[in-house]
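Structure record follows, encoded as structure tokens.
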Amino acid sequence: MSWANGTPYAPHTDDETAAMLAAIGVDDEEALFDIPESVAFDGDFGIDARTEREIRDECARVFARNDDLTEFLGRGHYGHYVPSVVDHLADRAEFLTSYTQYQPEVSQGFLQALFEYQSMLVELTGLDVANCSMYDAATALGEAATLADRVRSTSGDTVLVPEQLREGKRAVLENYCDGADLTVETYPMADGTADVDALADRAGDDVVMVYAESPTVRGCLEERLAAIGEVADETDALFALGSDVVALSVLESPEAVGADVVVGEAGALGLPTSYGMGLGIFACRDDFLRQVPGRLVGASEERAPPEGARDGGAGGADAGGTRAYTLTLQTREQHIRKERATSNICTNQAWVALRAAIHAATLGPDGLVDLANDCVREAAALADRIDELSGAAAPVHDRHHFREFAVRVDQPAAPVAEDLEKEGFAVHAIGEHLLQVCVTDLNAGKTDELVAAFEEVL
């Protein structure tokens with residue numbers, strides 16, 4: 001191995017490198033790249049050397065320029081209190097330094113945690129299979145669409161989604177569908193949830209997947225999920241349901257309403273509000289096991305080794321017959337033939353899934369349900385208080401809500417949101433006279449101040 005060009009990782013001698021360059025017809029490696037002069041590195045970063053203390057002071061000055069706002073923002077990004085045990089355990093070196101758990105003999109602890117994460121999703125969704133995490137809810141939805149295209153016998157190429165869908169999620173889905181020659185169309189909403197009759201009229205042989213959300217992007221709980229599942233089933237389309245791990249602890253089981261695939265966010269557990277960093281969930285029926293994107297962690301049976309055995313136990317267990325874990329399924333093109341790959345999902349959110357699993361285990365089943373019930377009660381209570389103010393009506397939709405709800409204001413919404421920001425509060429402006437407010441355990445203690453600010457601004 002040569003240290004040529006300053007790297008010990010390129011296994012080429014100088015003569016081999018020269019031979020390859022000659023075969024290509026260039027003089028050096030730089031000729032292989034066309035980098036515009038305006039962005040080409042000139043050998044100087046233009047960054048003055050500074051001490052650690054000077055760097056810390058500079059960062060403190062930059063961070064001090066951030067607005068000190070209490071956020072009542074939601075629409076796909078949610079923050080709940082993360083117990084300190086999550087940081088203490090997840091920040092252990094064996095977790096932080098791990099990439100992907102390809103070598104089970106040195107990754108049993110991490111693999112077991114991911115297996116427990118998958119098991120939690122299976123219990124929450126009622127479905128048979130859950131993978132050990134996706135990038136975020138948007139990419140999980142895109143993967144659901146391409147899975148539907150692979151497994152459904154229908155010749156359809158249309159994916160139906162609610163007309164009220166977060167813009168970024170819709171854009172990612174369209175990107176996935178463009179590569180698979182699918183088209184994305186919408187079905188109407190009625191008072192914040194699906195207009196099932198209009199959906200039934202629109203559904204037909206051209207539909208390969210029907211997607212619904214509960215909670216919806218406006219926080220409404222979808223009341224007719226089973227009817228949506230029946231519409232999808234009647235047209236032989238796959239029924240994909242979007243939700244999140246906290247809401248799933250109190251909502252009707254996706255399996256019970258006919259969902260074939262469940263996608264959404266698990267980042268509400270284990271992560272602070274990140275506005276970009278996510279943790280996607282993907283669960284499905286056993287029929288689609290070998291079509292699942294990403295990775296699956298599997299466990300061997302716990303069986304004692306055969307009598308007289310010297311090396312290892314039976315069924316993949318270790319030498320003592322103890323259950324062992326491994327990456328059972330990895331259907332990406334890096335590991336199998338490209339034409340058989342189900343996804344090009346690469347870097348997995350394993351560490352983030354670990355954090356979600358620790359958070360969920362810390363809460364326990366009762367604690368998770370209590371957290372979810374608070375998301376319903378606190379949203380209803382705050383909406384009632386805002387509704388009492390002159391110039392505002394909340395919630396806009398006559399539905400049960402989870403965490404968030406829409407507010408109709410008599411004044412234009414954007415200036416109201418700007419005035420609330422000046423008072424120290426951030427809310428979404430989602431229409432000409434519509435705001436959206438999200439309340440969780442992190443900001444529930446500031447609702448009195450928010451209501452006072454609303455009253456002042458209105």
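In the structure tokens, each chain is lettered A, B, ... as it comes, each chain's residues begin at 1, and ligands are numbered from 1 in order of appearance.
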
I need the residues in segment 9-222 of chain A that are alpha helix (DSSP H) according to DSSP; give them as a PyMOL selection string.
chain A and resi 14-24+52-63+84-90+93-96+108-125+137-151+167-179+196-202

Shell around segment 169-181 of chain A at 6 Å using only C-alpha atoms, local window under 2 positions removed, as a PDB file with C-alpha atoms, in the first residue's frame:
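Result file out_34.pdb:
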ATOM      1  CA  ALA A 138     -41.255  12.042   4.159  1.00  0.00           C
ATOM      2  CA  GLY A 142     -41.803   7.782  -0.575  1.00  0.00           C
ATOM      3  CA  ARG A 166     -47.170  19.305   4.457  1.00  0.00           C
ATOM      4  CA  GLU A 167     -45.418  20.834   1.454  1.00  0.00           C
TER       5      GLU A 167
END

For segment 365-373 of chain A, please output as a PyMOL selection string all residues within 9 Å (counting only C-alpha atoms; exclusion window: fewer than 6 positions along the same chain).
chain A and resi 80+246-250+402-403+440-441

List the spatial neighbours of segment 215-225 of chain A as a PDB file with C-alpha atoms, in the first residue's frame - criterion: any atom at most 7 Å away, only C-alpha atoms, same-chain residues fewer than 6 positions off excluded.
ATOM      1  CA  ARG A  75     -46.732  20.615  11.568  1.00  0.00           C
ATOM      2  CA  GLN A 164     -53.817  19.170   3.120  1.00  0.00           C
ATOM      3  CA  LEU A 165     -50.352  17.660   3.236  1.00  0.00           C
ATOM      4  CA  ARG A 166     -47.170  19.305   4.457  1.00  0.00           C
ATOM      5  CA  GLY A 192     -59.805  18.916   8.540  1.00  0.00           C
ATOM      6  CA  THR A 193     -60.157  15.204   7.774  1.00  0.00           C
ATOM      7  CA  SER A 243     -48.875   8.859  12.262  1.00  0.00           C
ATOM      8  CA  VAL A 257     -58.432  -0.249  10.354  1.00  0.00           C
ATOM      9  CA  ARG A 399     -62.716  17.498  15.370  1.00  0.00           C
ATOM     10  CA  HIS A 400     -60.683  15.985  18.164  1.00  0.00           C
ATOM     11  CA  HIS A 401     -57.134  17.309  18.007  1.00  0.00           C
ATOM     12  CA  PHE A 402     -53.710  15.999  18.936  1.00  0.00           C
ATOM     13  CA  ARG A 403     -51.104  18.581  20.025  1.00  0.00           C
ATOM     14  CA  GLU A 404     -52.130  21.238  17.500  1.00  0.00           C
ATOM     15  CA  PHE A 405     -55.114  23.031  16.038  1.00  0.00           C
ATOM     16  CA  ALA A 406     -55.968  25.830  13.614  1.00  0.00           C
TER      17      ALA A 406
END

Cut-off 9 Å: closest segment 111-141 of chain A/segment 279-293 of chain A atom pairs per residue, using only C-alpha atoms, as a Markdown table:
| residue | atom | partner | partner_atom | distance |
| --- | --- | --- | --- | --- |
| A:Gln118 | CA | A:Ala283 | CA | 8.6 |
| A:Leu121 | CA | A:Ala283 | CA | 7.2 |
| A:Val122 | CA | A:Ala283 | CA | 7.1 |
| A:Thr125 | CA | A:Ala283 | CA | 7.4 |
| A:Leu127 | CA | A:Arg285 | CA | 5.4 |
| A:Asp128 | CA | A:Arg285 | CA | 5.1 |
| A:Val129 | CA | A:Cys284 | CA | 5.4 |
| A:Ala130 | CA | A:Ala283 | CA | 4.1 |
| A:Asn131 | CA | A:Phe282 | CA | 6.0 |
| A:Cys132 | CA | A:Ile281 | CA | 7.9 |
| A:Ser133 | CA | A:Ile281 | CA | 5.5 |
| A:Met134 | CA | A:Gly280 | CA | 4.3 |
| A:Tyr135 | CA | A:Gly280 | CA | 5.2 |
| A:Asp136 | CA | A:Gly280 | CA | 3.6 |
| A:Ala137 | CA | A:Gly280 | CA | 4.6 |
| A:Ala138 | CA | A:Gly280 | CA | 7.7 |
| A:Thr139 | CA | A:Gly280 | CA | 7.4 |
| A:Ala140 | CA | A:Gly280 | CA | 5.9 |
| A:Leu141 | CA | A:Phe282 | CA | 8.5 |

For Val439 of chain A, which residue out of A:Val396, A:Ala383, A:Val151, A:Ile24 is the nearest one, using only C-alpha atoms?
A:Ala383

Looking at only C-alpha atoms, which of A:Ala60, A:Leu327, A:Val106, A:Ala380 is the one that sits closest to Glu94 of chain A?
A:Val106

Contact residues around Gly298 of chain A with only C-alpha atoms at 7 Å, ignoring same-chain residues under 5 positions, as JSON, numbers by chain
{"A": [115, 325, 326, 327, 328]}

File of the preceding selection, C-alpha atoms, as a JSON list (two decimals), in the first residue's frame:
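Listed below is the output, part_34.json:
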[["chain", "number", "residue", "atom", "x", "y", "z"],
["A", 115, "PHE", "CA", -34.67, -5.15, 17.95],
["A", 325, "TYR", "CA", -29.10, -10.67, 17.19],
["A", 326, "THR", "CA", -28.03, -9.83, 13.66],
["A", 327, "LEU", "CA", -29.01, -7.74, 10.65],
["A", 328, "THR", "CA", -31.34, -10.28, 9.08]]

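Counting only C-alpha atoms and comparing A:Ala353, A:Ala232, A:Ala319, A:Ala194, the residue that lies closest to Ala268 of chain A is A:Ala353.
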